[in-house]
Amino acid sequence: MQLNEDNRQIRLNVFIHGTGHHEAAWRHPDMQPRQTLDISYYRHLAQVAERGLMDSIFVSDAYFGKINKLEATTLLGALSAATSHIGLIATVGTTYYEPYHLARQAATLDHISGGRAGWNIVTGSADETAFNFGRAAHPEHAQRYQLAKEFVEVAKQLWDSCVEGVAVNDAGSTNGVGSTRHYEVKGPLDAPRLPQGYPVLVQAGSSESGKAMGAEMADVIFTAQQTFEAARAFYTDVKGRLPAYGRKAGELLIMPGLCPIVADTLGEARELEEELNQLVHMEDALRRLSRRFAADLSSYPLDGPVPLHLAKSLGEINSLKSRQSLLLELIEEEQMTIRQFVHRFANGRGHYAFTGTAVQLADEMEKWFHSGAADGFNVMPQIFPSGLEAFVEKVIPELQNRGLFRTAYEGASLRERLGLKAPAQHCKV
Amino acid sequence: MMGGKSSNRQLYMSAAVDGLNYQQCVQLAEMAERALLHALIAPESSRLEKPAPSSPVLEPFTLLAALSASTSTIGLIAEVHSAFYEPFHAARKLAALDYMSSGRAGCLTLPGQEAAAANFGRVSKEQLRPHGYEASAAVEFAEAMQQLWDSWDDDALIYDKQAGMQFDEAKVREVNYTGRYYSTRGPLNIARPPQGHPPIVVPIRTQDDKLAAARVADVMIIEPNSLEEAIELSLELRELLRQQGRQPEQGRILASLTPIAVTAGSISEVDLRLGTVGGGGKTARGRLCCAGTAEEIADWIQLWHHSGAVDGFHIQPPLQAALDSFGYFAEQVIPELQRRGMFRQTGSSSTSLREQLGLSRPINQFHVIR
């Protein structure tokens with residue numbers, strides 16, 4: 001597969017997530033976990049990423065659980081004022097949201113940031129989310145994806161109801177009537193047309209329904225892939241689906257997650273990794289991972305094999321389906337012990353983890369990029385801010401030296417910078 | 001006497017940040033903060049069902065989040081129309097805003113208008129929620145948010161690195177709120193906000209709004225036709241507060257006001273048409289206007305404030321020239337009020353909106369005193 005056009009460059013997003021993507025990051029002696037409620041912590045991370053000329057910042061979100069997290073769009077709204085180039089991708093779940101609110105929110109973020117907004121479309125991964133919204137049950141997987149597809153359709157129609165420069169007046173257009181099987185939204189949206197037309201649409205589920213939706217409507221796909229081979233298979237699969245929707249390969253960027261632990265020598269990087277792995281709370285980790293098995297993993301020897309025969313089947317879980325299969329494959333392939341499994345999952349929850357020097361990592365990234373496995377990476381530092389600083393200071397210059405990454409921001413909007421087409425306005429005036 | 005010794009009473013001021021593009025919003029916010037106003041209120045689109053020709057309405061939470069970065073002391077109040085919103089979403093956005101702004105978030109709740117429902121339609125019947133457009137639905141919405149904020153004790157986050165415990169399990173709880181319109185289980189997925197509960201603001205338009213406000217409002221915005229009406233209304237509101245077992249000063253009363261600057265010899269046609277020069281009165285659009293020179297507007301504010309009818313004003317600049325008009329108010333009228341000793345001359349030492357409004361921090365309703 002020859003994808004190496006001359007000017008094609010690696011896209012880099014940073015996934016900002018609590019104290020870092022290693023589950024024990026918060027326990028590191030340098031870390032002050034209370035900072036995760038403090039805007040100055042995020043401002044610093046955003047500014048480091050912008051200094052590194054990264055394409056975008058991404059924050060995840062969820063509507064349940066005993067966790068402590070700033071709501072995504074509000075956080076990025078604040079960061080838009082503290083940055084001037086970097087893209088701002090907020091996760092908003094469709095299952096318990098209104099298309100009209102989402103459309104206004106994304107329009108506002110796009111306006112105040114001057115065309116830097118992105119929306120990561122998720123359907124929600126936990127059954128208990130329903131109870132926070134007075135619903136009896138979380139819709140099952142396929143139903144959620146159907147709703148999500150329609151939700152995006154309605155949101156696009158609302159964005160199309162905006163007229164360049166000014167808000168639509170009521171005497172004017174009949175745009176913005178968003179009607180699908182499940183939604184009926186009159187519109188129009190009370191906003192001038194978004195600088196980007198639509199925010200950059202991101203899809204992050206890698207199940208069958210997720211891939212289908214991504215191929216049909218996403219601009220960017222974030223995906224968890226454990227190996228180069230798996231990433232290449234995923235890339236080939238999804239890009240292969242594009243022609244069916246009348247889309248070209250360059251219209252959808254695939255960015256696998258990458259959890260880097262980078263230092264000047266391999267030894268130092270391994271030490272950092274080991275330091276964090278030692279901080280993993282084994283009981284908690286086993287309890288969490290046991291949910292994927294029909295057994296309590298803590299009753300098995302830590303240095304014995306993972307009881308793969310007791311793993312739950314895909315039919316028994318209603319969320320993160322794609323993650324389950326890739327984990328099981330990896331355990332089998334690497335003959336992992338329970339302890340190895342815990343450590344592997346601790347850094348990035350099943351995303352691709354790499355420990356080594358900047359040169360080694362750049363080699364690996366280049367290989368993925370040039371061999372049809374990735375258009376870019378969703379960078380998930382194991383610990384903030386040091387993991388991000390190391391990536392920006394060591395890895396990015398190495399990529400720049402190889403001509404694989406920009407040396408200055410170009411393009412006026414996130415969409416433009418990612419080389420994505422501006423959506424044509426389907427005007428019905 | 002209604003409001004105690006008038007000379008000692010604080011005068012509270014908020015301003016609407018409405019119908020402006022983002023850059024203008026930033027300018028207005030900075031002017032308001034320099035003038036030491038207490039809060040900004042970002043309206044939900046009142047034109048939700050019928051967009052205005054040229055004034056975009058930025059989504060309040062996202063706008064205020066951005067403004068939290070360009071301001072440092074002024075309160076940031078987001079309007080929410082409860083019929084189309086979920087308490088869980090609003091509570092977490094407000095909590096996030098409260099953390100990011102060091103305690104400056106607030107929420108103006110309105111039930112919303114049925115006409116806007118067309119933007120929130122669902123085809124399948126089982127997806128429809130039993131929404132209401134009456135004030136009691138907005139009360140429930142506020143109560144549900146308050147319970148969600150209380151789902152974490154103030155000291156629930158412990159971050160015990162040694163023990164590997166981020167929070168104390170015993171201090172985080174499901175709230176299982178079940179009302180007529182809303183139910184939510186909780187807990188919220190963010191710790192209790194710095195203010196405990198970001199203040200709830202309720203505009204008073206109907207009899208039901210008064211009852212609603214008496215239960216949940218920290219701030220009430222009234223739209224009286226005259227001073228007499230304002231006096232009567234606040235007596236009634238304060239009595240309703242008492243009936244709910246609350247102290248009258250736990251509910252600040254602001255009158256919504258559109259000041260119109262008239263500099264000597266420049267009385268505009270608009271002002272003449274409004275017939276409000278040198279005094280106050282309601283315009284055809286239902287807004288209480290006061291037109292005059294800075295001195296005259298200050299006189300008028302002084303009269304109202306000294307009557308004890310109101311604790312302050314919510315300034316709604318005319319949409320056509322919001323920035324200029326607000327600029328006049330902030331740069332001419334406020335200094336005049338300060339010269340008269342009626343308005344604060346230095347900012348508060350606290351950034352908490354509650355504290356700036358003289359409101360106490362609510363204790364956690366689930367906190368059992370042992």
# chains A, B, ... in the order shown; residues from 1 in each chain; ligands from 1
>>> select_by_dssp(residues="stretch 30-236 of chain A", states="strand (DSSP E or B)", output="PyMOL selection string")
chain A and resi 56-59+87-93+117-122+163+166+178-179+183-185+200-203+220-223
>>> write_last_selection(atoms="C-alpha atoms", output="compact mmCIF listing (two decimals), in the first residue's frame")
# COMPACT_ATOMS: atom_id res chain seq x y z
CA SER A 56 -5.24 19.29 18.81
CA ILE A 57 -6.13 18.66 22.43
CA PHE A 58 -8.74 16.06 23.16
CA VAL A 59 -10.66 15.46 26.38
CA GLY A 87 -7.58 22.34 18.00
CA LEU A 88 -10.01 21.66 20.85
CA ILE A 89 -11.83 18.33 20.67
CA ALA A 90 -14.53 17.76 23.27
CA THR A 91 -16.28 14.48 23.87
CA VAL A 92 -20.05 14.72 24.01
CA GLY A 93 -22.16 11.60 24.34
CA ALA A 117 -13.54 23.03 17.58
CA GLY A 118 -13.86 19.27 17.30
CA TRP A 119 -16.49 16.88 18.59
CA ASN A 120 -15.71 13.35 19.65
CA ILE A 121 -18.94 11.45 19.17
CA VAL A 122 -19.54 8.73 21.75
CA VAL A 163 -25.80 31.45 7.12
CA VAL A 166 -25.07 36.23 10.21
CA GLY A 178 -33.71 18.09 11.22
CA SER A 179 -35.99 15.14 11.06
CA TYR A 183 -35.42 13.09 16.27
CA GLU A 184 -37.55 16.00 15.20
CA VAL A 185 -35.72 19.30 15.43
CA VAL A 200 -14.08 18.32 13.12
CA LEU A 201 -16.01 15.11 13.75
CA VAL A 202 -14.16 12.44 15.66
CA GLN A 203 -15.22 8.88 16.26
CA VAL A 220 -10.87 11.54 12.41
CA ILE A 221 -10.89 8.15 14.12
CA PHE A 222 -9.16 7.57 17.44
CA THR A 223 -8.63 3.88 18.00
>>> select_by_dssp(residues="stretch 137-311 of chain B", states="helix (DSSP H, G or I)", output="ChimeraX atom specification")
/B:137-149,169-171,207-216,227-243,248-250,269-274,294-306
>>> interface_residues(of="chain A", to="chain B", cutoff="8 Å", atoms="only C-alpha atoms", output="ChimeraX atom specification")
/A:26-28,33-34,37-39,63-71,73-75,77-82,98-100,104-105,108-109,111-112,131-134,166-170,181-192,281
>>> residues_around(residues="stretch 233-235 of chain A", least_positions_apart="5", cutoff="12 Å", atoms="only C-alpha atoms", output="ChimeraX atom specification")
/A:1,3,205-208,210-212,214-215,220-228,240-242,249,252-256,322,326,368-369,371-376
>>> residues_around(residues="stretch 267-269 of chain A", least_positions_apart="5", cutoff="7 Å", atoms="only C-alpha atoms", output="ChimeraX atom specification")
/A:261-262,355-356
>>> residues_around(residues="stretch 234-236 of chain B", least_positions_apart="6", cutoff="9 Å", atoms="only C-alpha atoms", output="list in words")
Met2, Lys210, Ile222, Ile253, Gly308, Ala309 and Val310 of chain B
>>> write_last_selection(atoms="N, CA and C atoms", output="PDB file, in the first residue's frame")
ATOM      1  N   MET B   2     -38.208  48.582  55.607  1.00  0.00           N
ATOM      2  CA  MET B   2     -38.031  47.353  54.849  1.00  0.00           C
ATOM      3  C   MET B   2     -36.612  46.803  54.843  1.00  0.00           C
ATOM      4  N   LYS B 210     -42.812  33.274  41.929  1.00  0.00           N
ATOM      5  CA  LYS B 210     -42.563  33.764  43.288  1.00  0.00           C
ATOM      6  C   LYS B 210     -42.446  32.586  44.261  1.00  0.00           C
ATOM      7  N   ILE B 222     -36.557  40.951  39.446  1.00  0.00           N
ATOM      8  CA  ILE B 222     -37.936  41.406  39.237  1.00  0.00           C
ATOM      9  C   ILE B 222     -37.987  42.413  38.090  1.00  0.00           C
ATOM     10  N   ILE B 253     -32.744  40.642  45.944  1.00  0.00           N
ATOM     11  CA  ILE B 253     -33.700  41.061  44.926  1.00  0.00           C
ATOM     12  C   ILE B 253     -33.065  42.133  44.038  1.00  0.00           C
ATOM     13  N   GLY B 308     -35.537  50.595  49.855  1.00  0.00           N
ATOM     14  CA  GLY B 308     -35.474  49.245  50.417  1.00  0.00           C
ATOM     15  C   GLY B 308     -36.132  48.203  49.540  1.00  0.00           C
ATOM     16  N   ALA B 309     -36.666  48.627  48.408  1.00  0.00           N
ATOM     17  CA  ALA B 309     -37.384  47.687  47.554  1.00  0.00           C
ATOM     18  C   ALA B 309     -36.453  46.675  46.910  1.00  0.00           C
ATOM     19  N   VAL B 310     -35.259  47.108  46.583  1.00  0.00           N
ATOM     20  CA  VAL B 310     -34.366  46.198  45.878  1.00  0.00           C
ATOM     21  C   VAL B 310     -32.974  46.213  46.511  1.00  0.00           C
TER      22      VAL B 310
END
>>> residues_around(residues="A:Arg287", least_positions_apart="3", cutoff="10 Å", atoms="only C-alpha atoms", output="ChimeraX atom specification")
/A:282-284,290-292,296-298
